[in-house]
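Just upload24.pdb here, PDB, C-alpha atoms and all ligand atoms:
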ATOM      1  CA  MET A 405     -48.089  15.317   5.824
ATOM      2  CA  LEU A 406     -49.188  12.378   3.738
ATOM      3  CA  ILE A 407     -49.235  12.970  -0.025
ATOM      4  CA  LEU A 408     -50.914  10.406  -2.295
ATOM      5  CA  GLU A 409     -51.147  10.583  -6.075
ATOM      6  CA  CYS A 410     -54.720   9.959  -7.182
ATOM      7  CA  PRO A 411     -54.582   7.325  -9.962
ATOM      8  CA  TYR A 412     -57.721   8.782 -11.577
ATOM      9  CA  CYS A 413     -56.939  12.485 -11.925
ATOM     10  CA  GLY A 414     -53.164  12.404 -11.407
ATOM     11  CA  VAL A 415     -53.220  15.030  -8.676
ATOM     12  CA  LYS A 416     -50.563  14.706  -5.975
ATOM     13  CA  ALA A 417     -53.129  15.276  -3.283
ATOM     14  CA  GLU A 418     -52.179  16.187   0.234
ATOM     15  CA  GLU A 419     -54.032  14.523   3.073
ATOM     16  CA  SER A 420     -56.526  17.361   3.539
ATOM     17  CA  GLU A 421     -57.933  16.714   0.046
ATOM     18  CA  LEU A 422     -58.479  13.031   0.843
ATOM     19  CA  SER A 423     -60.622  10.986   3.144
ATOM     20  CA  ALA A 424     -59.432   7.709   4.615
ATOM     21  CA  GLY A 425     -61.506   4.615   3.895
ATOM     22  CA  GLY A 426     -59.869   2.032   6.128
ATOM     23  CA  GLU A 427     -58.222  -1.253   5.288
ATOM     24  CA  ALA A 428     -58.054  -2.392   1.656
ATOM     25  CA  HIS A 429     -59.135  -5.636   0.016
ATOM     26  CA  LEU A 430     -61.666  -6.802   2.602
ATOM     27  CA  THR A 431     -63.880  -9.673   1.572
ATOM     28  CA  ARG A 432     -67.476  -8.900   2.412
ATOM     29  CA  PHE A 433     -69.351 -11.509   4.386
ATOM     30  CA  GLY A 434     -73.060 -10.762   4.394
ATOM     31  CA  PRO A 435     -76.266 -12.775   4.367
ATOM     32  CA  GLY A 436     -75.618 -16.502   4.485
ATOM     33  CA  SER A 437     -72.204 -16.240   6.150
ATOM     34  CA  SER A 438     -71.371 -17.661   9.579
ATOM     35  CA  ASP A 439     -71.371 -15.485  12.690
ATOM     36  CA  ASP A 440     -67.577 -15.788  12.913
ATOM     37  CA  GLU A 441     -67.069 -14.704   9.304
ATOM     38  CA  PHE A 442     -69.411 -11.766   9.738
ATOM     39  CA  HIS A 443     -67.744 -10.771  13.005
ATOM     40  CA  ASP A 444     -64.286 -10.849  11.436
ATOM     41  CA  TYR A 445     -65.461  -8.904   8.397
ATOM     42  CA  LEU A 446     -66.900  -6.196  10.615
ATOM     43  CA  PHE A 447     -64.334  -5.929  13.374
ATOM     44  CA  VAL A 448     -61.018  -7.677  12.680
ATOM     45  CA  ARG A 449     -58.429  -5.420  11.066
ATOM     46  CA  GLU A 450     -54.706  -5.531  10.467
ATOM     47  CA  ASN A 451     -52.660  -3.123  12.577
ATOM     48  CA  PRO A 452     -49.227  -3.501  11.047
ATOM     49  CA  LYS A 453     -46.013  -1.685  11.856
ATOM     50  CA  GLY A 454     -44.758  -1.394   8.304
ATOM     51  CA  VAL A 455     -46.353  -2.318   4.981
ATOM     52  CA  HIS A 456     -50.071  -1.586   4.839
ATOM     53  CA  PHE A 457     -52.777  -1.358   2.180
ATOM     54  CA  GLU A 458     -55.583   1.139   2.513
ATOM     55  CA  ARG A 459     -58.558   2.636   0.712
ATOM     56  CA  TRP A 460     -58.665   6.382   0.188
ATOM     57  CA  ARG A 461     -61.077   8.702  -1.544
ATOM     58  CA  HIS A 462     -60.147  11.870  -3.405
ATOM     59  CA  ALA A 463     -63.027  13.586  -1.626
ATOM     60  CA  ASN A 464     -62.082  17.207  -2.320
ATOM     61  CA  GLY A 465     -61.119  16.411  -5.876
ATOM     62  CA  CYS A 466     -62.328  13.996  -8.544
ATOM     63  CA  GLY A 467     -64.342  12.081  -5.926
ATOM     64  CA  LYS A 468     -62.967   8.650  -6.822
ATOM     65  CA  TRP A 469     -61.979   5.847  -4.452
ATOM     66  CA  PHE A 470     -58.518   4.354  -4.882
ATOM     67  CA  HIS A 471     -55.995   2.120  -3.106
ATOM     68  CA  ALA A 472     -52.698   3.074  -1.502
ATOM     69  CA  ALA A 473     -49.761   0.991  -0.310
ATOM     70  CA  ARG A 474     -47.641   2.652   2.345
ATOM     71  CA  CYS A 475     -45.491   2.093   5.406
ATOM     72  CA  THR A 476     -47.189   2.950   8.700
ATOM     73  CA  MET A 477     -43.844   3.396  10.423
ATOM     74  CA  THR A 478     -42.052   5.771   8.035
ATOM     75  CA  LEU A 479     -45.095   7.085   6.107
ATOM     76  CA  GLU A 480     -43.260   6.135   2.885
ATOM     77  CA  VAL A 481     -45.755   5.662   0.068
ATOM     78  CA  PHE A 482     -45.033   2.687  -2.200
ATOM     79  CA  GLY A 483     -47.729   3.544  -4.685
ATOM     80  CA  THR A 484     -51.414   4.097  -5.395
ATOM     81  CA  TYR A 485     -53.595   2.025  -7.681
ATOM     82  CA  SER A 486     -57.078   1.516  -9.058
ATOM     83  CA  ALA A 487     -60.045   0.669  -6.853
ATOM     84  CA  GLN A 488     -61.159  -1.939  -9.399
ATOM     85  CA  THR A 489     -59.048  -4.766  -8.023
ATOM     86  CA  THR A 490     -59.327  -7.262  -5.167
ATOM     87  CA  GLU A 491     -55.579  -7.535  -4.559
ATOM     88  CA  PRO A 492     -52.466  -5.358  -4.896
ATOM     89  CA  PRO A 493     -51.152  -5.333  -8.501
ATOM     90  CA  GLN A 494     -47.801  -6.954  -9.291
ATOM     91  CA  GLU A 495     -45.969  -3.658  -9.907
ATOM     92  CA  ILE A 496     -46.916  -2.410  -6.442
ATOM     93  CA  LYS A 497     -45.791  -5.689  -4.852
ATOM     94  CA  ASP A 498     -42.488  -5.445  -6.752
ATOM     95  CA  VAL A 499     -41.869  -1.914  -5.462
ATOM     96  CA  ILE A 500     -42.489  -3.059  -1.882
ATOM     97  CA  THR A 501     -40.285  -6.144  -2.308
ATOM     98  CA  ALA A 502     -37.428  -3.917  -3.509
ATOM     99  CA  LYS A 503     -37.778  -1.649  -0.489
ATOM    100  CA  ARG A 504     -38.921  -4.056   2.260
ATOM    101  CA  PRO A 505     -37.505  -7.525   1.434
ATOM    102  CA  GLY A 506     -39.405 -10.253   3.270
ATOM    103  CA  TRP A 507     -42.530  -8.143   3.801
ATOM    104  CA  SER A 508     -45.932  -9.697   4.300
ATOM    105  CA  TRP A 509     -49.473  -8.463   4.845
ATOM    106  CA  ARG A 510     -52.416 -10.819   5.279
ATOM    107  CA  ASN A 511     -52.049 -13.381   2.494
ATOM    108  CA  VAL A 512     -49.816 -11.225   0.266
ATOM    109  CA  SER A 513     -46.063 -11.112   0.684
ATOM    110  CA  ASP A 514     -42.606 -10.846  -0.844
ATOM    111  CA  GLU A 515     -42.859 -13.678  -3.383
ATOM    112  CA  THR A 516     -39.063 -14.008  -3.580
ATOM    113  CA  ASN A 517     -38.898 -14.967   0.092
ATOM    114  CA  THR A 518     -41.076 -17.959   1.020
ATOM    115  CA  GLU A 519     -39.788 -18.086   4.618
ATOM    116  CA  GLY A 520     -41.379 -14.759   5.524
ATOM    117  CA  GLN A 521     -44.798 -15.886   4.377
ATOM    118  CA  ARG A 522     -47.583 -16.213   6.909
ATOM    119  CA  THR A 523     -50.123 -18.943   6.497
TER     120      THR A 523
ATOM    121  CA  MET B  87     -92.303  33.525 -12.536
ATOM    122  CA  SER B  88     -89.921  35.318 -10.217
ATOM    123  CA  ASP B  89     -86.552  36.457 -11.553
ATOM    124  CA  PRO B  90     -83.653  34.124 -10.832
ATOM    125  CA  VAL B  91     -80.954  35.729  -8.684
ATOM    126  CA  SER B  92     -77.441  34.409  -8.090
ATOM    127  CA  ALA B  93     -76.239  33.617  -4.574
ATOM    128  CA  LEU B  94     -74.686  37.002  -3.762
ATOM    129  CA  ASN B  95     -76.192  38.999  -6.631
ATOM    130  CA  GLY B  96     -72.861  40.199  -8.024
ATOM    131  CA  LYS B  97     -71.189  41.239  -4.775
ATOM    132  CA  THR B  98     -67.633  42.477  -5.264
ATOM    133  CA  TYR B  99     -64.552  43.398  -3.239
ATOM    134  CA  SER B 100     -61.321  45.094  -4.239
ATOM    135  CA  GLY B 101     -58.153  44.411  -2.287
ATOM    136  CA  SER B 102     -54.845  43.002  -3.507
ATOM    137  CA  ALA B 103     -57.065  41.326  -6.117
ATOM    138  CA  THR B 104     -60.657  41.919  -7.161
ATOM    139  CA  VAL B 105     -63.147  39.296  -6.015
ATOM    140  CA  THR B 106     -66.523  39.201  -7.787
ATOM    141  CA  GLU B 107     -69.518  36.950  -7.508
ATOM    142  CA  ASN B 108     -70.310  36.304 -11.141
ATOM    143  CA  GLY B 109     -74.055  36.324 -11.336
ATOM    144  CA  LEU B 110     -76.032  33.620 -13.073
ATOM    145  CA  CYS B 111     -74.129  30.964 -14.977
ATOM    146  CA  GLY B 112     -75.589  27.927 -16.767
ATOM    147  CA  MET B 113     -74.046  24.676 -15.563
ATOM    148  CA  ILE B 114     -74.803  21.120 -16.635
ATOM    149  CA  VAL B 115     -73.193  18.173 -14.936
ATOM    150  CA  LEU B 116     -72.708  15.367 -17.434
ATOM    151  CA  ARG B 117     -71.593  11.821 -16.700
ATOM    152  CA  GLY B 118     -70.880   9.303 -19.414
ATOM    153  CA  THR B 119     -68.193   7.474 -21.369
ATOM    154  CA  PHE B 120     -65.647   9.956 -22.719
ATOM    155  CA  THR B 121     -64.381   7.560 -25.389
ATOM    156  CA  ASP B 122     -67.856   7.005 -26.859
ATOM    157  CA  THR B 123     -68.175   8.900 -30.173
ATOM    158  CA  VAL B 124     -71.861   9.623 -29.499
ATOM    159  CA  PHE B 125     -70.873  11.269 -26.205
ATOM    160  CA  GLN B 126     -68.087  13.250 -27.879
ATOM    161  CA  GLN B 127     -70.415  14.526 -30.602
ATOM    162  CA  ALA B 128     -73.079  15.494 -28.058
ATOM    163  CA  VAL B 129     -70.538  17.588 -26.126
ATOM    164  CA  ARG B 130     -69.395  19.216 -29.381
ATOM    165  CA  ASP B 131     -72.979  20.089 -30.294
ATOM    166  CA  ILE B 132     -73.841  21.550 -26.896
ATOM    167  CA  VAL B 133     -70.745  23.601 -26.036
ATOM    168  CA  GLY B 134     -68.864  23.699 -29.340
ATOM    169  CA  CYS B 135     -65.706  22.000 -28.109
ATOM    170  CA  ASP B 136     -64.164  18.563 -27.742
ATOM    171  CA  VAL B 137     -64.120  16.561 -24.520
ATOM    172  CA  PRO B 138     -61.296  18.197 -22.511
ATOM    173  CA  ASP B 139     -58.103  16.400 -21.545
ATOM    174  CA  ILE B 140     -57.544  15.415 -17.945
ATOM    175  CA  ARG B 141     -57.760  18.448 -15.584
ATOM    176  CA  LYS B 142     -58.403  20.916 -18.419
ATOM    177  CA  LEU B 143     -61.129  23.323 -19.446
ATOM    178  CA  VAL B 144     -61.812  24.023 -23.121
ATOM    179  CA  ARG B 145     -63.820  26.933 -24.488
ATOM    180  CA  SER B 146     -65.681  28.022 -27.576
ATOM    181  CA  GLU B 147     -67.962  30.995 -28.320
ATOM    182  CA  ILE B 148     -70.997  29.024 -27.171
ATOM    183  CA  GLY B 149     -69.749  27.347 -24.013
ATOM    184  CA  SER B 150     -67.055  25.502 -22.070
ATOM    185  CA  ALA B 151     -66.398  21.954 -20.941
ATOM    186  CA  ALA B 152     -64.416  21.160 -17.794
ATOM    187  CA  TRP B 153     -62.862  17.821 -16.773
ATOM    188  CA  MET B 154     -64.343  16.897 -13.367
ATOM    189  CA  SER B 155     -63.395  13.205 -13.122
ATOM    190  CA  PRO B 156     -62.753  10.299 -15.554
ATOM    191  CA  ASP B 157     -66.508  10.033 -16.189
ATOM    192  CA  GLU B 158     -67.801  13.509 -15.397
ATOM    193  CA  LEU B 159     -67.778  16.850 -17.214
ATOM    194  CA  LEU B 160     -69.133  20.237 -16.222
ATOM    195  CA  LEU B 161     -70.621  22.066 -19.196
ATOM    196  CA  LEU B 162     -70.849  25.841 -18.903
ATOM    197  CA  VAL B 163     -73.459  27.556 -21.043
ATOM    198  CA  ASP B 164     -75.491  30.741 -21.131
ATOM    199  CA  TYR B 165     -77.883  30.671 -18.151
ATOM    200  CA  SER B 166     -81.000  31.352 -20.230
ATOM    201  CA  GLN B 167     -80.202  28.447 -22.571
ATOM    202  CA  THR B 168     -79.470  25.821 -19.929
ATOM    203  CA  GLU B 169     -82.796  23.969 -20.036
ATOM    204  CA  ALA B 170     -82.905  23.960 -23.853
ATOM    205  CA  LYS B 171     -79.331  22.661 -24.047
ATOM    206  CA  LEU B 172     -80.068  20.027 -21.411
ATOM    207  CA  SER B 173     -83.031  18.749 -23.408
ATOM    208  CA  ALA B 174     -80.926  18.606 -26.572
ATOM    209  CA  LEU B 175     -78.184  16.765 -24.688
ATOM    210  CA  ARG B 176     -80.610  14.185 -23.288
ATOM    211  CA  LEU B 177     -82.040  13.625 -26.740
ATOM    212  CA  ALA B 178     -78.585  13.176 -28.277
ATOM    213  CA  LEU B 179     -77.523  10.695 -25.596
ATOM    214  CA  ALA B 180     -80.785   8.745 -25.355
ATOM    215  CA  GLY B 181     -80.103   5.016 -25.223
ATOM    216  CA  THR B 182     -76.525   5.406 -23.957
ATOM    217  CA  HIS B 183     -75.397   5.171 -20.327
ATOM    218  CA  PHE B 184     -75.296   8.776 -19.107
ATOM    219  CA  MET B 185     -76.553  11.314 -16.571
ATOM    220  CA  ALA B 186     -77.168  15.001 -17.264
ATOM    221  CA  GLU B 187     -78.585  17.516 -14.780
ATOM    222  CA  ASN B 188     -78.981  21.259 -14.590
ATOM    223  CA  VAL B 189     -77.003  22.381 -11.521
ATOM    224  CA  SER B 190     -76.937  26.125 -12.318
ATOM    225  CA  ASP B 191     -78.958  27.154  -9.268
ATOM    226  CA  ALA B 192     -77.076  24.794  -6.957
ATOM    227  CA  ARG B 193     -73.725  26.495  -7.552
ATOM    228  CA  ALA B 194     -72.101  29.894  -7.167
ATOM    229  CA  CYS B 195     -69.385  31.329  -9.427
ATOM    230  CA  PHE B 196     -66.648  33.816  -8.591
ATOM    231  CA  THR B 197     -63.790  35.492 -10.414
ATOM    232  CA  VAL B 198     -60.523  36.696  -8.940
ATOM    233  CA  THR B 199     -58.637  39.196 -11.071
ATOM    234  CA  GLY B 200     -55.419  41.108 -10.593
ATOM    235  CA  ALA B 201     -51.732  40.350 -10.280
ATOM    236  CA  ALA B 202     -52.154  38.951  -6.750
ATOM    237  CA  GLY B 203     -54.737  36.395  -7.906
ATOM    238  CA  ARG B 204     -52.382  33.409  -7.694
ATOM    239  CA  GLU B 205     -51.405  34.321  -4.176
ATOM    240  CA  VAL B 206     -54.999  34.876  -3.062
ATOM    241  CA  LEU B 207     -55.838  31.307  -4.128
ATOM    242  CA  ALA B 208     -52.561  29.729  -3.021
ATOM    243  CA  LYS B 209     -53.169  30.852   0.558
ATOM    244  CA  ILE B 210     -56.410  28.946   0.840
ATOM    245  CA  ALA B 211     -56.048  25.865  -1.429
ATOM    246  CA  PRO B 212     -53.524  22.962  -1.265
ATOM    247  CA  VAL B 213     -52.554  23.457  -4.915
ATOM    248  CA  ASP B 214     -49.246  24.427  -6.528
ATOM    249  CA  LEU B 215     -50.118  27.746  -8.197
ATOM    250  CA  SER B 216     -46.665  28.553  -9.549
ATOM    251  CA  PRO B 217     -47.006  30.101 -13.054
ATOM    252  CA  VAL B 218     -44.922  27.278 -14.547
ATOM    253  CA  VAL B 219     -47.209  24.612 -13.051
ATOM    254  CA  PHE B 220     -50.725  26.073 -13.148
ATOM    255  CA  LYS B 221     -51.409  27.660 -16.525
ATOM    256  CA  SER B 222     -54.289  29.068 -18.531
ATOM    257  CA  GLY B 223     -56.792  26.322 -19.369
ATOM    258  CA  ASP B 224     -55.848  24.237 -16.314
ATOM    259  CA  PHE B 225     -58.806  23.111 -14.207
ATOM    260  CA  ARG B 226     -58.636  21.780 -10.680
ATOM    261  CA  ARG B 227     -61.082  20.431  -8.113
ATOM    262  CA  THR B 228     -59.888  20.901  -4.566
ATOM    263  CA  ARG B 229     -60.870  22.572  -1.304
ATOM    264  CA  PHE B 230     -60.752  26.277  -0.408
ATOM    265  CA  ALA B 231     -60.141  26.250   3.341
ATOM    266  CA  GLN B 232     -63.052  24.115   4.558
ATOM    267  CA  ILE B 233     -65.229  23.905   1.453
ATOM    268  CA  ALA B 234     -65.079  21.995  -1.837
ATOM    269  CA  ALA B 235     -64.339  24.112  -4.900
ATOM    270  CA  ALA B 236     -63.278  23.920  -8.524
ATOM    271  CA  PHE B 237     -61.336  26.565 -10.380
ATOM    272  CA  TRP B 238     -59.581  27.363 -13.627
ATOM    273  CA  LEU B 239     -57.422  30.085 -15.092
ATOM    274  CA  ASP B 240     -58.346  31.801 -18.367
ATOM    275  CA  GLU B 241     -56.151  33.476 -21.034
ATOM    276  CA  ALA B 242     -56.552  36.889 -19.358
ATOM    277  CA  ASP B 243     -55.081  35.550 -16.053
ATOM    278  CA  THR B 244     -58.482  35.608 -14.374
ATOM    279  CA  PHE B 245     -59.293  32.803 -11.960
ATOM    280  CA  HIS B 246     -62.818  31.402 -12.132
ATOM    281  CA  ILE B 247     -64.120  29.579  -9.072
ATOM    282  CA  ILE B 248     -67.191  27.405  -8.599
ATOM    283  CA  CYS B 249     -68.583  26.216  -5.278
ATOM    284  CA  PHE B 250     -71.907  25.091  -3.847
ATOM    285  CA  ARG B 251     -74.439  27.898  -3.581
ATOM    286  CA  SER B 252     -75.036  27.125   0.102
ATOM    287  CA  VAL B 253     -71.441  28.120   0.921
ATOM    288  CA  ALA B 254     -71.228  31.173  -1.373
ATOM    289  CA  GLU B 255     -71.063  33.598   1.559
ATOM    290  CA  TYR B 256     -68.229  31.583   3.125
ATOM    291  CA  MET B 257     -66.357  31.582  -0.200
ATOM    292  CA  PHE B 258     -66.752  35.328  -0.668
ATOM    293  CA  ASN B 259     -65.565  36.133   2.849
ATOM    294  CA  LEU B 260     -62.657  33.710   2.493
ATOM    295  CA  LEU B 261     -61.480  35.227  -0.804
ATOM    296  CA  LYS B 262     -61.975  38.705   0.654
ATOM    297  CA  THR B 263     -59.808  37.881   3.666
ATOM    298  CA  SER B 264     -57.140  36.335   1.457
ATOM    299  CA  ALA B 265     -57.191  39.442  -0.784
ATOM    300  CA  HIS B 266     -56.827  41.881   2.093
ATOM    301  CA  PRO B 267     -54.425  44.648   0.980
ATOM    302  CA  ASN B 268     -52.221  44.137   4.036
ATOM    303  CA  ALA B 269     -52.069  40.349   3.708
ATOM    304  CA  GLY B 270     -49.694  40.098   0.738
ATOM    305  CA  VAL B 271     -46.940  37.491   0.834
ATOM    306  CA  GLY B 272     -45.245  38.191  -2.488
ATOM    307  CA  VAL B 273     -44.274  34.659  -3.534
ATOM    308  CA  TYR B 274     -45.456  34.829  -7.144
TER     309      TYR B 274
HETATM  310 ZN    ZN C   1     -58.526  12.316  -8.075
END

For this file, write the structure as structure tokens.
Ligand SMILES: [Zn+2]
Amino acid sequence: MLILECPYCGVKAEESELSAGGEAHLTRFGPGSSDDEFHDYLFVRENPKGVHFERWRHANGCGKWFHAARCTMTLEVFGTYSAQTTEPPQEIKDVITAKRPGWSWRNVSDETNTEGQRT
Amino acid sequence: MSDPVSALNGKTYSGSATVTENGLCGMIVLRGTFTDTVFQQAVRDIVGCDVPDIRKLVRSEIGSAAWMSPDELLLLVDYSQTEAKLSALRLALAGTHFMAENVSDARACFTVTGAAGREVLAKIAPVDLSPVVFKSGDFRRTRFAQIAAAFWLDEADTFHIICFRSVAEYMFNLLKTSAHPNAGVGVY
């Protein structure tokens, strides 16, 4: 059972109160973008074994969207944070770095370890 | 005009707890900026109490205000006064960024009374209902089995539940099943 704390109402909501909203921090490519950009925006998703960032909605609750950082392998939750951001906040990245040294996800990673960084 | 009738017209059931459909209740959904003093004063004028803290319900003699989300309140008033109060609210908030609607006839209200009340709710909602965690004045939006619901506990240990009117029958039957005299668990 996945339990995420909603950053808006503070409820430690179990999965059945939430609805999953897919991968976090996507950049929208719409009118005026190239076919490749639009294709990637629509279809290309991360499928990591480990650190992952997702969007969730407290559907049976306050109704707000929020972000969650968790591990897909162990289901450990590193933290939840506001929907009003385009990248994971520093405190969330610090928590992950403490628990998963060398982690990386898309263009974010353990900033203390430059070797693990993907380009 | 025809007489307004609530979803189940006061249907009631007595088992390990008493489940009652409450009849007509005035409800105004209000969205706005909680920190705005104009908003705060408008709430005070309409229901006689301050904007509630997170996940709380506050009451006065003339109404209640419940915390629905960081920008949404549910104001509970006398059914017959709902439209008048709504007009007053819209007037008070004119020019600010807000939304206020009368949702009285789109909702159904229930009460659950009796010592087994906590257990009746705990069996059907993913909420910690331990007496040390969920206390009088606490307000929670969640799900009851398969439907969305909001509830609070008052000073007399009565649970008040609100759901959409279209699922009132489901809610009543669910609470009734959970309050079956032979279905006690005895955790609280
Ligand atoms: Zn929430």

Interface list for chain A, partner chain B, 9 Å threshold, all atoms listed in the file, as a list in words: Tyr412, Cys413, Gly414, Val415, Ala417, Glu418, Ser420, Glu421, Ala463, Asn464, Gly465, Cys466, Gly467 and Lys468 of chain A

If you measure from CA of Ser264 (chain B) to CA of Ser423 (chain A), what distance in Å do you get, rounded to one decimal? 25.6 Å

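Restricting the calculation to all atoms listed in the file, the smallest distance between ligand ZN 1 (chain C) and any of A:Thr501, A:Thr484, A:Thr478, A:Ser508 is found for A:Thr484.
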
Expected answer as number ranges by chain: all residues with atoms within 8 Å of (-71.9, 20.6, -17.6), only C-alpha atoms: B: 113-116, 151-152, 159-163, 186-188

Box dimensions and centre (Å, one decimal) enclosing region 268-271 of chain B, axis-aligned, 6 Å extra per side, as AutoDock Vina command-line options:
--center_x -49.6 --center_y 40.8 --center_z 2.4 --size_x 17.3 --size_y 18.6 --size_z 15.3

Where does the PyMOL selection byres (((chain B and resi 248) around 9) and not hetatm) land in this file, that is, which residues does it pick, as a VMD selection string? chain B and resid 193 to 197 234 to 237 246 to 247 249 to 251

Written as a PyMOL selection string, what is the full residue list that the PyMOL selection byres (((chain B and resi 220) around 12) and not hetatm) yields on the file shown? chain B and resi 141-142+204+207-208+213-219+221-226+237-240+243+245+274

The selected residues should be written to file as a compact mmCIF listing (two decimals), keeping the file's coordinate frame (atoms: C-alpha atoms).
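Output file selection_27.txt follows:
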# COMPACT_ATOMS: atom_id res chain seq x y z
CA ARG B 141 -57.76 18.45 -15.58
CA LYS B 142 -58.40 20.92 -18.42
CA ARG B 204 -52.38 33.41 -7.69
CA LEU B 207 -55.84 31.31 -4.13
CA ALA B 208 -52.56 29.73 -3.02
CA VAL B 213 -52.55 23.46 -4.92
CA ASP B 214 -49.25 24.43 -6.53
CA LEU B 215 -50.12 27.75 -8.20
CA SER B 216 -46.66 28.55 -9.55
CA PRO B 217 -47.01 30.10 -13.05
CA VAL B 218 -44.92 27.28 -14.55
CA VAL B 219 -47.21 24.61 -13.05
CA LYS B 221 -51.41 27.66 -16.52
CA SER B 222 -54.29 29.07 -18.53
CA GLY B 223 -56.79 26.32 -19.37
CA ASP B 224 -55.85 24.24 -16.31
CA PHE B 225 -58.81 23.11 -14.21
CA ARG B 226 -58.64 21.78 -10.68
CA PHE B 237 -61.34 26.56 -10.38
CA TRP B 238 -59.58 27.36 -13.63
CA LEU B 239 -57.42 30.08 -15.09
CA ASP B 240 -58.35 31.80 -18.37
CA ASP B 243 -55.08 35.55 -16.05
CA PHE B 245 -59.29 32.80 -11.96
CA TYR B 274 -45.46 34.83 -7.14

Residue by residue, what does the PyMOL selection byres (((chain A and resi 505) around 12) and not hetatm) grab here? Present the result as a ChimeraX atom specification. /A:454-455,497-504,506-508,513-521

Using only C-alpha atoms and all ligand atoms, pick whichever of A:Arg432, A:Arg510, A:Lys416, A:His456 has the shortest atom-to-atom distance to ligand ZN 1 (chain C). A:Lys416

Determine, counting all atoms listed in the file, every residue of protein, DNA or RNA that lies within 8 Å of (-72.8, 33.7, -9.6) in the file coordinates, then give the result as a list in words. Ser92, Ala93, Leu94, Asn95, Gly96, Glu107, Asn108, Gly109, Leu110, Cys111, Arg193, Ala194, Cys195 and Phe196 of chain B

Residues just named, written with C-alpha atoms as a short mmCIF file (atom, residue, chain, number, x, y, z; two decimals), in the frame of the given file:
data_model
loop_
_atom_site.label_atom_id
_atom_site.label_comp_id
_atom_site.auth_asym_id
_atom_site.auth_seq_id
_atom_site.Cartn_x
_atom_site.Cartn_y
_atom_site.Cartn_z
CA SER B 92 -77.44 34.41 -8.09
CA ALA B 93 -76.24 33.62 -4.57
CA LEU B 94 -74.69 37.00 -3.76
CA ASN B 95 -76.19 39.00 -6.63
CA GLY B 96 -72.86 40.20 -8.02
CA GLU B 107 -69.52 36.95 -7.51
CA ASN B 108 -70.31 36.30 -11.14
CA GLY B 109 -74.06 36.32 -11.34
CA LEU B 110 -76.03 33.62 -13.07
CA CYS B 111 -74.13 30.96 -14.98
CA ARG B 193 -73.72 26.50 -7.55
CA ALA B 194 -72.10 29.89 -7.17
CA CYS B 195 -69.39 31.33 -9.43
CA PHE B 196 -66.65 33.82 -8.59
#

With all atoms listed in the file as the atoms that count, which of A:Gly434, A:Gly426, A:Pro411, A:Gly483 lies nearest to His462 (chain A)?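 The closest residue to His462 (chain A) is A:Pro411.
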
For Ala265 (chain B), the nearest of the candidates B:Thr123, B:Thr244, B:Ser146, B:Thr199, counting all atoms listed in the file: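 So, comparing all the options, the nearest one is B:Thr199.
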
My list of candidates is A:Leu446, A:Ile496, A:Ala487, A:Met477. Which is closest to ligand ZN 1 (chain C) when distances are computed with only C-alpha atoms and all ligand atoms? A:Ala487
